[in-house]
Structure formats: C-alpha cells, structure tokens
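Visitor: Sharing target.cif below, mmCIF, C-alpha atoms:
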```
data_start
#
loop_
_atom_site.label_atom_id
_atom_site.label_comp_id
_atom_site.auth_asym_id
_atom_site.auth_seq_id
_atom_site.Cartn_x
_atom_site.Cartn_y
_atom_site.Cartn_z
CA MET A 123 -41.16 -23.53 0.21
CA LYS A 124 -38.85 -24.76 -2.56
CA ASN A 125 -37.93 -21.19 -3.50
CA GLU A 126 -37.17 -20.37 0.13
CA LYS A 127 -34.72 -23.32 0.38
CA MET A 128 -33.02 -22.29 -2.83
CA PHE A 129 -32.64 -18.77 -1.51
CA PHE A 130 -31.27 -20.13 1.81
CA TYR A 131 -28.63 -22.32 0.08
CA LEU A 132 -27.72 -19.47 -2.25
CA ALA A 133 -27.25 -17.11 0.68
CA ILE A 134 -24.96 -19.61 2.47
CA THR A 135 -22.92 -20.17 -0.72
CA ILE A 136 -22.48 -16.45 -1.38
CA GLY A 137 -21.69 -15.71 2.27
CA THR A 138 -19.10 -18.49 2.42
CA SER A 139 -17.53 -17.40 -0.86
CA SER A 140 -17.39 -13.82 0.32
CA LEU A 141 -15.74 -14.86 3.61
CA LEU A 142 -13.22 -17.10 1.82
CA TYR A 143 -12.43 -14.29 -0.59
CA ARG A 144 -11.79 -11.88 2.28
CA ILE A 145 -9.54 -14.48 3.97
CA TYR A 146 -7.69 -14.95 0.66
CA GLN A 147 -7.19 -11.20 0.33
CA LEU A 148 -5.82 -10.96 3.89
CA ILE A 149 -3.40 -13.84 3.30
CA LYS A 150 -2.31 -12.36 -0.02
CA LYS A 151 -1.81 -8.95 1.58
CA LYS A 152 0.26 -10.47 4.39
CA PHE A 153 2.59 -12.29 2.00
CA ILE A 154 2.90 -9.34 -0.40
CA TYR A 155 3.93 -7.10 2.49
CA LYS A 156 6.82 -9.51 3.15
CA ARG A 157 8.00 -9.24 -0.44
CA LYS A 158 10.61 -6.69 -1.38
CA VAL A 159 11.46 -5.07 -4.70
CA TYR A 160 15.01 -4.12 -5.64
CA ILE A 161 16.65 -2.24 -8.47
CA ASN A 162 19.14 -4.73 -9.91
CA GLY A 163 20.48 -2.65 -12.79
CA LEU A 164 20.54 1.10 -13.42
CA SER A 165 21.90 3.19 -16.27
CA CYS A 166 21.55 6.39 -18.27
CA SER A 167 22.69 7.53 -21.72
CA PHE A 168 22.88 10.70 -23.80
CA PRO A 169 23.29 11.68 -27.46
CA LEU A 170 26.89 12.09 -28.62
CA ASN A 171 26.81 15.80 -29.49
CA SER A 172 27.62 18.05 -26.53
CA TYR A 173 27.10 21.83 -26.59
CA SER A 174 27.79 24.63 -24.15
CA GLN A 175 24.81 26.73 -23.14
CA ASN A 176 26.33 29.69 -24.98
CA GLN A 177 26.44 27.61 -28.19
CA MET A 178 22.78 26.69 -27.72
CA LYS A 179 21.88 30.35 -27.24
CA GLN A 180 23.74 31.47 -30.35
CA MET A 181 22.10 28.79 -32.50
CA PHE A 182 18.67 29.75 -31.13
CA ILE A 183 19.30 33.34 -32.18
CA GLU A 184 20.68 32.34 -35.59
CA ASN A 185 18.44 29.42 -36.56
CA TYR A 186 15.13 30.42 -34.97
CA CYS A 187 15.31 34.22 -34.96
CA GLY A 188 17.40 34.64 -38.10
CA GLY A 189 20.08 36.66 -36.30
CA GLU A 190 20.23 39.44 -33.71
CA GLU A 191 19.19 42.03 -36.29
CA ASN A 192 15.67 40.57 -36.32
CA LEU A 193 15.23 40.86 -32.55
CA LEU A 194 13.89 43.74 -30.50
CA SER A 195 16.53 44.88 -28.00
CA LYS A 196 14.30 43.95 -25.07
CA ASP A 197 13.87 40.42 -26.46
CA LEU A 198 17.61 39.96 -27.03
CA ASP A 199 18.14 41.01 -23.41
CA PHE A 200 15.46 38.53 -22.31
CA ILE A 201 17.11 35.69 -24.27
CA ASN A 202 20.51 36.43 -22.70
CA ARG A 203 19.05 36.52 -19.19
CA VAL A 204 17.02 33.31 -19.55
CA PHE A 205 19.86 31.22 -21.00
CA GLN A 206 22.20 32.47 -18.28
CA ALA A 207 19.66 31.97 -15.48
CA SER A 208 19.10 28.34 -16.55
CA MET A 209 22.51 27.56 -14.96
CA ILE A 210 23.10 24.84 -17.56
CA GLU A 211 26.78 24.64 -18.45
CA LYS A 212 26.57 21.98 -21.15
CA SER A 213 24.03 19.55 -22.55
CA HIS A 214 23.56 16.78 -25.12
CA VAL A 215 21.51 16.97 -28.31
CA ASN A 216 21.58 14.55 -31.23
CA LEU A 217 21.44 17.30 -33.88
CA ASN A 218 24.28 19.11 -35.58
CA GLU A 219 24.63 22.85 -34.87
CA ASN A 220 22.94 23.91 -38.11
CA ASP A 221 19.84 21.86 -37.24
CA LEU A 222 19.40 23.15 -33.70
CA PHE A 223 16.12 25.14 -33.49
CA ARG A 224 15.57 24.72 -37.24
CA ARG A 225 11.88 24.29 -38.01
CA MET A 226 11.18 20.72 -39.17
CA LYS A 227 8.23 19.52 -41.15
CA ARG A 228 6.10 17.07 -39.24
CA GLU A 229 7.33 13.93 -41.03
CA GLU A 230 10.98 14.92 -40.57
CA TYR A 231 10.36 15.65 -36.88
CA THR A 232 8.61 12.32 -36.33
CA ASN A 233 11.33 10.31 -38.05
CA TYR A 234 14.06 12.16 -36.17
CA VAL A 235 12.64 11.71 -32.66
CA LYS A 236 11.68 8.05 -33.23
CA LYS A 237 15.15 7.14 -34.49
CA THR A 238 16.90 9.05 -31.69
CA LEU A 239 14.59 7.66 -29.00
CA LEU A 240 15.30 4.11 -30.17
CA ASN A 241 19.07 4.61 -30.24
CA ILE A 242 19.51 6.11 -26.79
CA SER A 243 16.88 3.77 -25.28
CA CYS A 244 18.76 0.71 -26.51
CA GLN A 245 22.00 2.15 -25.17
CA SER A 246 20.68 2.75 -21.66
CA ALA A 247 18.82 -0.60 -21.61
CA ARG A 248 21.91 -2.56 -22.66
CA ASN A 249 23.99 -0.82 -20.01
CA ALA A 250 21.40 -1.59 -17.32
CA ILE A 251 21.32 -5.25 -18.37
CA GLU A 252 25.13 -5.43 -18.28
CA ASN A 253 25.11 -3.88 -14.80
CA CYS A 254 22.72 -6.59 -13.64
CA PHE A 255 25.00 -9.57 -13.02
CA HIS A 256 23.98 -12.98 -14.36
CA LEU A 257 20.76 -11.71 -15.97
CA ASN A 258 19.59 -13.64 -19.00
CA THR A 259 17.52 -11.32 -21.21
CA ASN A 260 15.06 -14.17 -21.80
CA ASP A 261 14.21 -13.99 -18.09
CA ILE A 262 12.86 -10.42 -18.42
CA THR A 263 9.08 -10.81 -18.18
CA HIS A 264 7.95 -7.21 -18.69
CA ILE A 265 9.16 -4.16 -20.60
CA ILE A 266 7.74 -0.68 -19.97
CA PHE A 267 8.68 2.31 -22.10
CA GLY A 268 7.82 5.89 -21.25
CA THR A 269 8.33 9.22 -23.00
CA MET A 270 6.93 12.72 -23.32
CA THR A 271 8.34 12.90 -26.87
CA GLY A 272 5.25 11.27 -28.33
CA THR A 273 4.33 10.87 -32.00
CA ILE A 274 1.34 9.40 -33.80
CA ALA A 275 2.98 6.28 -35.18
CA ALA A 276 2.80 2.50 -35.05
CA PRO A 277 4.24 0.06 -34.13
CA SER A 278 4.90 1.65 -30.75
CA MET A 279 8.41 2.00 -29.33
CA ASP A 280 8.11 -1.03 -27.02
CA ILE A 281 7.83 -3.29 -30.09
CA TYR A 282 11.00 -1.86 -31.63
CA LEU A 283 12.85 -2.21 -28.32
CA VAL A 284 11.92 -5.89 -27.94
CA LYS A 285 13.25 -6.52 -31.42
CA GLU A 286 16.47 -4.48 -31.07
CA LEU A 287 17.30 -5.84 -27.61
CA GLN A 288 16.43 -9.40 -28.70
CA LEU A 289 14.05 -9.94 -25.80
CA ASN A 290 11.60 -12.80 -25.49
CA SER A 291 8.81 -12.32 -28.06
CA ASN A 292 6.25 -13.30 -25.38
CA ILE A 293 7.33 -10.51 -23.03
CA LYS A 294 4.53 -8.35 -21.63
CA ARG A 295 4.77 -4.78 -22.93
CA LEU A 296 3.49 -1.32 -22.16
CA ASN A 297 4.10 2.00 -23.98
CA VAL A 298 3.31 5.18 -21.99
CA GLU A 299 3.30 8.72 -23.42
CA SER A 300 2.28 12.29 -22.52
CA MET A 301 2.64 12.12 -18.72
CA GLY A 302 5.27 14.86 -18.72
CA CYS A 303 8.20 15.32 -16.38
CA LEU A 304 6.91 12.83 -13.80
CA THR A 305 7.02 9.84 -16.17
CA GLY A 306 10.08 8.18 -14.61
CA PHE A 307 8.86 8.01 -11.03
CA ARG A 308 5.29 7.19 -12.05
CA LEU A 309 6.55 4.17 -13.99
CA ILE A 310 8.94 3.12 -11.21
CA GLY A 311 5.82 2.91 -9.04
CA LEU A 312 4.14 0.75 -11.67
CA CYS A 313 7.22 -1.51 -11.95
CA HIS A 314 7.17 -1.87 -8.16
CA ASN A 315 3.55 -3.08 -8.27
CA ILE A 316 4.18 -5.53 -11.12
CA THR A 317 7.30 -6.96 -9.48
CA LEU A 318 5.48 -7.49 -6.18
CA GLU A 319 2.96 -9.81 -7.84
CA SER A 320 5.42 -12.67 -8.43
CA ASP A 321 9.01 -13.56 -7.62
CA LYS A 322 9.33 -14.60 -11.26
CA ASN A 323 8.62 -11.10 -12.57
CA ILE A 324 11.64 -9.18 -13.82
CA VAL A 325 10.76 -5.76 -15.25
CA LEU A 326 12.84 -3.61 -17.60
CA LEU A 327 11.91 0.08 -17.49
CA ILE A 328 13.16 2.57 -20.08
CA VAL A 329 12.28 6.27 -20.01
CA SER A 330 13.66 8.45 -22.79
CA ASP A 331 13.06 12.00 -23.95
CA ILE A 332 14.22 14.10 -26.91
CA ARG A 333 12.82 17.31 -25.45
CA SER A 334 15.26 19.57 -27.29
CA ALA A 335 13.16 18.69 -30.37
CA LEU A 336 10.52 21.09 -29.05
CA GLY A 337 12.92 23.67 -30.48
CA ASN A 338 12.29 22.23 -33.95
CA GLN A 339 8.51 22.70 -33.67
CA LEU A 340 8.25 26.18 -32.16
CA THR A 341 5.52 28.59 -33.18
CA SER A 342 6.68 31.00 -35.90
CA PHE A 343 9.00 33.91 -35.16
CA GLN A 344 8.18 37.30 -36.67
CA SER A 345 11.06 39.72 -37.32
CA LYS A 346 10.98 42.84 -35.13
CA GLN A 347 7.89 41.54 -33.32
CA SER A 348 7.76 40.60 -29.63
CA ILE A 349 9.06 37.08 -29.17
CA ASP A 350 6.99 34.38 -27.45
CA LYS A 351 8.74 34.14 -24.08
CA SER A 352 7.61 30.54 -23.62
CA ASN A 353 9.62 29.57 -26.72
CA VAL A 354 12.73 31.15 -25.20
CA ILE A 355 12.30 29.33 -21.88
CA ILE A 356 11.78 25.84 -23.32
CA SER A 357 14.66 26.36 -25.77
CA ALA A 358 16.95 27.31 -22.90
CA LEU A 359 15.97 24.38 -20.66
CA PHE A 360 14.93 21.18 -22.47
CA ARG A 361 17.51 18.60 -23.55
CA ASP A 362 17.84 14.84 -24.26
CA SER A 363 18.55 11.64 -22.31
CA SER A 364 17.48 8.11 -21.52
CA GLY A 365 17.37 6.17 -18.26
CA ALA A 366 16.83 2.44 -17.67
CA ALA A 367 16.31 0.26 -14.61
CA ILE A 368 15.66 -3.43 -13.90
CA PHE A 369 13.43 -4.57 -11.05
CA SER A 370 13.02 -7.93 -9.32
CA GLN A 371 12.48 -9.48 -5.89
CA LYS A 372 16.08 -10.68 -5.89
CA GLN A 373 18.61 -8.76 -3.83
CA THR A 374 21.34 -8.77 -6.48
CA LEU A 375 24.25 -6.53 -5.64
CA SER A 376 24.95 -5.15 -9.12
CA ASN A 377 28.31 -3.38 -9.03
CA GLY A 378 27.98 -3.23 -5.25
CA ILE A 379 24.72 -1.24 -5.45
CA TYR A 380 21.82 -1.85 -3.07
CA CYS A 381 18.51 -0.08 -3.66
CA GLN A 382 15.11 -1.23 -2.39
CA ILE A 383 11.80 0.45 -3.21
CA LEU A 384 9.81 1.02 -0.03
CA ASP A 385 6.82 2.99 -1.29
CA HIS A 386 5.32 5.01 -4.11
CA ARG A 387 2.77 7.84 -3.85
CA SER A 388 0.82 9.81 -6.48
CA SER A 389 -1.30 12.90 -6.06
CA ILE A 390 -3.00 15.65 -8.09
CA ILE A 391 -2.80 19.12 -6.56
CA PRO A 392 -6.32 20.63 -6.41
CA ASN A 393 -7.20 23.61 -8.63
CA THR A 394 -4.01 23.48 -10.73
CA LEU A 395 -5.27 21.98 -14.01
CA GLU A 396 -4.68 25.16 -16.02
CA LEU A 397 -1.18 25.90 -14.70
CA GLY A 398 0.64 23.81 -17.31
CA CYS A 399 -0.31 22.46 -20.73
CA LEU A 400 1.20 21.41 -24.05
CA LYS A 401 -0.71 22.08 -27.28
CA GLU A 402 -0.17 21.22 -30.94
CA PHE A 403 -1.54 23.56 -33.60
CA ASN A 404 -2.74 23.04 -37.18
CA ASP A 405 0.69 23.86 -38.62
CA SER A 406 2.25 21.14 -36.39
CA SER A 407 3.91 23.71 -34.13
CA ILE A 408 4.03 22.80 -30.44
CA HIS A 409 3.50 25.31 -27.65
CA LEU A 410 4.22 24.72 -23.97
CA TYR A 411 2.51 26.95 -21.41
CA LEU A 412 3.78 27.08 -17.81
CA ASP A 413 2.03 29.48 -15.46
CA LYS A 414 4.16 31.58 -13.08
CA GLN A 415 2.14 30.20 -10.16
CA LEU A 416 2.99 26.57 -10.97
CA PRO A 417 6.15 26.32 -8.80
CA TYR A 418 4.40 27.90 -5.81
CA ALA A 419 1.53 25.40 -6.03
CA VAL A 420 4.13 22.62 -5.80
CA PHE A 421 6.03 24.27 -2.93
CA ASN A 422 2.84 24.75 -0.89
CA PHE A 423 1.79 21.14 -1.43
CA LEU A 424 5.02 19.26 -0.76
CA PRO A 425 5.74 19.76 2.99
CA ASN A 426 2.70 17.80 4.24
CA PHE A 427 2.94 15.30 1.39
CA VAL A 428 6.55 14.39 2.16
CA SER A 429 6.15 14.62 5.93
CA ASN A 430 3.25 12.14 5.97
CA LEU A 431 5.25 9.62 3.93
CA LEU A 432 8.37 9.80 6.10
CA LYS A 433 6.31 9.73 9.31
CA GLN A 434 4.71 6.43 8.28
CA TYR A 435 8.16 4.81 8.05
CA ASP A 436 9.62 6.68 11.03
CA ILE A 437 12.32 8.23 8.84
CA ASN A 438 14.21 11.39 9.74
CA ILE A 439 14.43 13.74 6.75
CA TYR A 440 18.08 14.37 7.71
CA HIS A 441 18.94 10.90 6.38
CA CYS A 442 17.20 11.44 3.03
CA GLN A 443 18.80 12.45 -0.23
CA PHE A 444 16.28 14.12 -2.55
CA VAL A 445 16.28 13.15 -6.22
CA VAL A 446 14.26 15.87 -7.94
CA HIS A 447 13.22 16.36 -11.54
CA THR A 448 15.55 18.93 -13.10
CA GLY A 449 12.79 21.41 -13.93
CA GLY A 450 15.10 24.38 -13.48
CA PRO A 451 16.97 26.27 -10.74
CA LYS A 452 13.76 27.80 -9.38
CA ILE A 453 12.22 24.36 -8.82
CA ILE A 454 15.29 22.90 -7.10
CA ARG A 455 15.81 25.96 -4.88
CA GLY A 456 12.12 26.09 -3.99
CA ILE A 457 12.08 22.44 -2.89
CA LYS A 458 15.16 23.01 -0.74
CA ASP A 459 13.44 25.95 0.97
CA CYS A 460 9.97 24.45 1.42
CA LEU A 461 11.37 21.23 2.92
CA ASN A 462 14.19 22.96 4.86
CA LEU A 463 16.89 20.82 3.26
CA ASP A 464 20.65 21.20 3.28
CA ASP A 465 22.25 22.09 -0.06
CA GLU A 466 23.94 18.69 -0.26
CA GLN A 467 20.60 16.88 -0.03
CA LEU A 468 19.94 17.94 -3.63
CA CYS A 469 23.46 17.45 -5.00
CA ALA A 470 22.56 15.01 -7.79
CA SER A 471 19.68 17.19 -9.00
CA TRP A 472 22.01 20.19 -9.23
CA TYR A 473 24.70 18.15 -10.96
CA VAL A 474 22.36 16.84 -13.66
CA MET A 475 20.83 20.32 -14.09
CA TYR A 476 24.24 21.90 -14.66
CA ASN A 477 25.62 19.19 -16.94
CA TYR A 478 22.59 17.95 -18.87
CA GLY A 479 19.65 20.37 -18.45
CA ASN A 480 15.93 19.69 -18.08
CA LEU A 481 15.52 16.09 -19.25
CA SER A 482 11.75 15.88 -18.69
CA GLY A 483 10.57 12.46 -17.37
CA SER A 484 13.87 10.72 -18.09
CA SER A 485 15.56 13.00 -15.54
CA ASN A 486 13.93 10.98 -12.73
CA ILE A 487 16.08 7.92 -13.49
CA VAL A 488 19.14 9.93 -14.56
CA VAL A 489 19.38 11.82 -11.25
CA LEU A 490 18.73 8.64 -9.24
CA GLU A 491 21.45 6.79 -11.17
CA HIS A 492 24.01 9.53 -10.48
CA PHE A 493 23.50 9.64 -6.72
CA ILE A 494 23.41 5.86 -6.25
CA ARG A 495 26.55 5.44 -8.36
CA TRP A 496 28.36 8.09 -6.30
CA LYS A 497 27.29 6.54 -3.00
CA TYR A 498 28.65 3.09 -3.84
CA SER A 499 31.74 4.21 -5.77
CA LYS A 500 35.18 5.09 -4.44
CA ILE A 501 35.30 7.98 -6.93
CA LYS A 502 33.21 10.91 -5.71
CA PRO A 503 32.22 13.94 -7.78
CA ASN A 504 33.78 17.32 -7.21
CA GLU A 505 32.34 20.45 -8.78
CA LYS A 506 32.87 23.94 -7.43
CA ASN A 507 29.24 25.13 -7.76
CA ILE A 508 27.69 22.14 -5.94
CA SER A 509 27.69 21.07 -2.28
CA PHE A 510 28.39 17.33 -2.15
CA PRO A 511 28.06 15.17 0.98
CA LYS A 512 31.14 14.86 3.16
CA ASP A 513 29.72 11.55 4.40
CA TYR A 514 27.56 9.58 1.96
CA ASN A 515 26.75 7.10 4.73
CA ARG A 516 24.48 9.75 6.21
CA TYR A 517 21.98 8.96 3.46
CA LYS A 518 20.09 5.76 4.11
CA TYR A 519 17.08 6.78 2.01
CA VAL A 520 16.32 8.54 -1.26
CA VAL A 521 13.11 10.48 -1.88
CA GLY A 522 12.30 10.83 -5.57
CA LEU A 523 10.07 13.77 -6.50
CA SER A 524 8.73 14.79 -9.90
CA PHE A 525 5.89 16.94 -11.22
CA GLY A 526 3.84 17.04 -14.40
CA PRO A 527 0.65 18.27 -16.04
CA GLY A 528 -2.34 18.20 -13.76
CA ILE A 529 -0.53 19.47 -11.67
CA ALA A 530 0.43 15.97 -10.57
CA VAL A 531 3.12 14.85 -8.12
CA GLU A 532 4.96 11.53 -8.00
CA CYS A 533 7.05 10.38 -5.06
CA VAL A 534 9.11 7.20 -4.64
CA LEU A 535 10.84 6.23 -1.40
CA PHE A 536 14.02 4.15 -1.75
CA GLN A 537 16.14 2.51 0.94
CA LEU A 538 19.91 2.22 0.54
CA LYS A 539 22.58 0.35 2.49
#
```
Please express what this file holds, its structure, as structure tokens.

Guide:
Amino acid sequence: MKNEKMFFYLAITIGTSSLLYRIYQLIKKKFIYKRKVYINGLSCSFPLNSYSQNQMKQMFIENYCGGEENLLSKDLDFINRVFQASMIEKSHVNLNENDLFRRMKREEYTNYVKKTLLNISCQSARNAIENCFHLNTNDITHIIFGTMTGTIAAPSMDIYLVKELQLNSNIKRLNVESMGCLTGFRLIGLCHNITLESDKNIVLLIVSDIRSALGNQLTSFQSKQSIDKSNVIISALFRDSSGAAIFSQKQTLSNGIYCQILDHRSSIIPNTLELGCLKEFNDSSIHLYLDKQLPYAVFNFLPNFVSNLLKQYDINIYHCQFVVHTGGPKIIRGIKDCLNLDDEQLCASWYVMYNYGNLSGSSNIVVLEHFIRWKYSKIKPNEKNISFPKDYNRYKYVVGLSFGPGIAVECVLFQLK
C-alpha cells in the first residue's frame, strides 16, 4: 500500500512537471517569435595586392608549370580557356607576384595563412564595429569565426581576434573550419539563433578565407605530362577576402541600413556525398575534387527548396534579390535559369565574381554587403557587363544561397526597408 501511494505521488509530480514544462516551452516560443534579429554593422575587406586575371594566369604558368615550354599544347590551351571562362577581371591576393602558385613547405604555408587571416579579419571586424553606431566593444557577448582555410594550430583564431580587437576576455567564442563555401550563411543562421535567446546578446561574426593559398599547395606538376585539370580550375577561381557582421535585437540604423533576418534553412542534397571533396596528401599537397554533376544536383534541388521558403512568408520572388556564393559563372547562370530570375536579381553576385573571384565561404557576407550598401547609398554601381536594378526599391527581400561539401545548401532570408 505504501509503495502504491509513493508511485501515485510520483506520477502526479512527474505529470505536473511535464505539463508545466510544456507550458513554459509554449510561452518561450511565443515570446521568441516576437523577437527580431537585425544586422547592425556589415563590412568586407581584401588583401592590398590586386592582380588582373591575365597576371594570375601568367604567374600560374611561370611559377607552377615552369614556363610554357613545359606544357603540352592541349594543356596550355586548356589553361587559357579556363582562366578566360572564369570571367574574373581582377582579384586580391596577399602574395607578391613571384610567390603566386609557388609551392610552400607546410610550416611556411601555415604561418602565411594564419597571419593573413588575422590581418584581414581584424580589418573587416573593425570596419563593421565602426559602422555600428554607438557600439561599445565590451558589449559584444559572442564572437564567431569561420574559415575554410584551416590549419592544425593552437590557439585558434578566435583567441587571437579577441586579443587584437581588445574584446571582453569573458566573451563567448566559437571557431568553425572546413564547412566550405557555405560557411558564411551557415554561421549567419547560428548568429540568428544565439541573438534570439536574449536581448542582451550582441554577436560579432567574421568569416575569412585565403583560398588563393590552395595554389601554394598544389599536387606536383610534371614537365610534358598531362596537367591535373582540377589544379587549373582552382587556380583560376579561388581568391581572398574577409566579411564581418554584427547582430542584435536592436533596430540600429547603421549608415542608414536596415536588414532583418527572417529565417534560415539548411539541407543536405541526397546522394551527393561524393560530388565534392578536399584531400590532403602525405607531402602536404592539397587536392580539390569537384564532379561535373555537382552544379546540376544543386540546380535540380533549389526550385522546391526556395519556393517552399518564400511560400511560407507569402513573398513574391519578383521582390527578392539573390545573394549567391561566387562559385563561378556556371553556378550563377544555373541559379538564374533554374529559378527563372531576371539578370539584375543576381547583380551583386556577378559584381563580386568579376572583381574579386571565388571567395569561398567569405563570399556570402561580401556579396550581401555589396548589395545592401548599394541599396541604401545614393551612389549606385555601373559596370557594362552587369545588369543593375533600375529601381532598388523593388527589392524588399534578399535570399542568400550557398553550397558546400555534402552537398549541403544554406539559405538565409533577409528583409530590407
């Protein structure tokens, strides 16, 4: 009888606790839904050295191949076609000409990318903080750093950034590596979730990549032997940049900019695991493999993915500007076609592609920064190869799209004023 009473009281206690917990979750959910997250500061930065695409091609031939005389005629033709087809006009790399595509030993490579990552990360972070009016750096509660230019080293980059930026030593930190070209939008989604938790949370996000350094760790070239086409493609496309953003629940009009995060979605496309991978070999060389079917897997997946998101918010795609990872002309054209977009709906992606190249995960913030700055500035861009909006007020929303190993897709929905 005593055991039965104990069981009865225990059942009532557990049942009541469970009910109270469910009520708490409902109340919490209701209040969180009322909260809004804004980008209060936004910036991007690049290394000082700027090169034309023709300069990059010539240094690839000289420094990696040892000159045209070491190339098969078919490979020289392939190099010329790939560098031209990239549609990059200029780009930024921290190295001098003689060091472009020069094979580095592992220690030299590690020291170079860490130093360069820190420099451009601090630059973009400081600019974002300056663009965020009345922000005291001691008020920043979280710092998140992301990169695909990973190295085996400690302390991690977030520690160095806290020190260099003179942030609060008790700040909560996270260092994220190896997520590929989707890093920026994946971490914006994470910043959105962290910021929603408390109106006291102010999050600094920095995403930086020194992807041109892949050219300093290529697999060996053999004179008068067929060249590895993957090495040509990544050398023609990948370049360097950093992007930074600050998130809070405060609607601070930094430089007249208004940008609210409405939603974030992640997905892994089924049966695509082998379509893209990055491997490091015993001699420290790095090899990137991208299957020819990779873009088509993305193009087949996106229409329903994007449509379902916009339908939930009753948004007409006509009013959306698309901020797409600068993976190359084929990616940007394919997204335009599969989503039936106007040319101008991808103007910032094309602009960054032409002027900076494939910036890996940092491109997500860089492209976003360009379009938002144009929308709220009196000075509009004008470039003959790109269709820019005649009326920027048409665009009330921005859809951010990026893709990475998996094949994984990240999507962030922003609302503008």

Visitor: Evaluating the PyMOL selection byres ((chain A and resi 261-267) around 8) on the displayed file yields which residues, as a PyMOL selection string?

Guide: chain A and resi 257-260+268-269+279-280+289-290+293-298+309+322-330

Visitor: Name the closest residue to Gly311 (chain A) among the candidates A:Ser388, A:Ser509, A:Ser499, A:Ser471; distances are taken between atoms, counting only C-alpha atoms.

Guide: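 Distance minimum relative to Gly311 (chain A) lands on A:Ser388.
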
Visitor: Would you write out, as number ranges by chain, every residue that the PyMOL selection byres ((chain A and resi 178-191) around 8) captures in this file?

Guide: A: 173-177, 192-193, 198, 201-202, 205, 219-225, 343-345, 357-358

Visitor: Check the smallest atom-to-atom distance from each of A:His314, A:Lys346, A:Lys401, A:Arg361 to Ser195 (chain A) using only C-alpha atoms, then report the winner.

Guide: A:Lys346

Visitor: Mind giving me the straight-line distance from CA of Lys212 (chain A) to CA of Ser484 (chain A) in Å, one decimal?

Guide: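 Pair CA of Lys212 (chain A) / CA of Ser484 (chain A) returns 17.2 Å.
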
Visitor: Enumerate, as a VMD selection string, the residues matched when the PyMOL selection byres ((chain A and resi 254) around 6) is run on the file above.

Guide: chain A and resid 162 to 163 251 to 253 255 257 376

Visitor: So what do you get for CA of His386 (chain A) versus CA of Tyr476 (chain A), distance-wise?

Guide: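 Atom-to-atom, CA of His386 (chain A) and CA of Tyr476 (chain A) are spaced 27.5 Å apart.
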
Visitor: From the set A:Ala275, A:Ala367, A:Leu400, A:Ile379, which residue has the shortest atom-to-atom contact distance to Ser352 (chain A), counting only C-alpha atoms?

Guide: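 Selected residue with least distance to Ser352 (chain A): A:Leu400.
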
Visitor: Between A:Leu217, A:Val489, A:Leu318, A:Leu304, which residue has the minimum interatomic distance to Leu384 (chain A), considering only C-alpha atoms?

Guide: A:Leu318

Visitor: Between A:Val521, A:Leu194, A:Ala470, A:Leu283, single out the one closest to Lys237 (chain A), counting only C-alpha atoms.

Guide: A:Leu283

Visitor: For a test of reading the model, state the distance in Å between CA of Leu432 (chain A) and CA of Leu395 (chain A), rounded to one decimal.

Guide: 27.2 Å

Visitor: Within 12 Å of Ser334 (chain A), counting all atoms listed in the file, which residues qualify if same-chain residues fewer than 3 places away don't, as a PyMOL selection string?

Guide: chain A and resi 169+178+182+213-217+221-224+231+234-235+238+270-271+331+337-340+353+355-363+478-482

Visitor: Of the candidates A:Lys196, A:Ser246, A:Glu299, A:Ile281, which shows the shortest atom-to-atom distance to Gln347 (chain A), using only C-alpha atoms?

Guide: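 Using only C-alpha atoms, the shortest distance to Gln347 (chain A) belongs to A:Lys196.
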
Visitor: Can you tell me, as number ranges by chain, what residues are no more than 8 Å from Ser406 (chain A) when counting all atoms listed in the file, ignoring any on the same chain fewer than 4 positions away?

Guide: A: 227-228, 339, 402
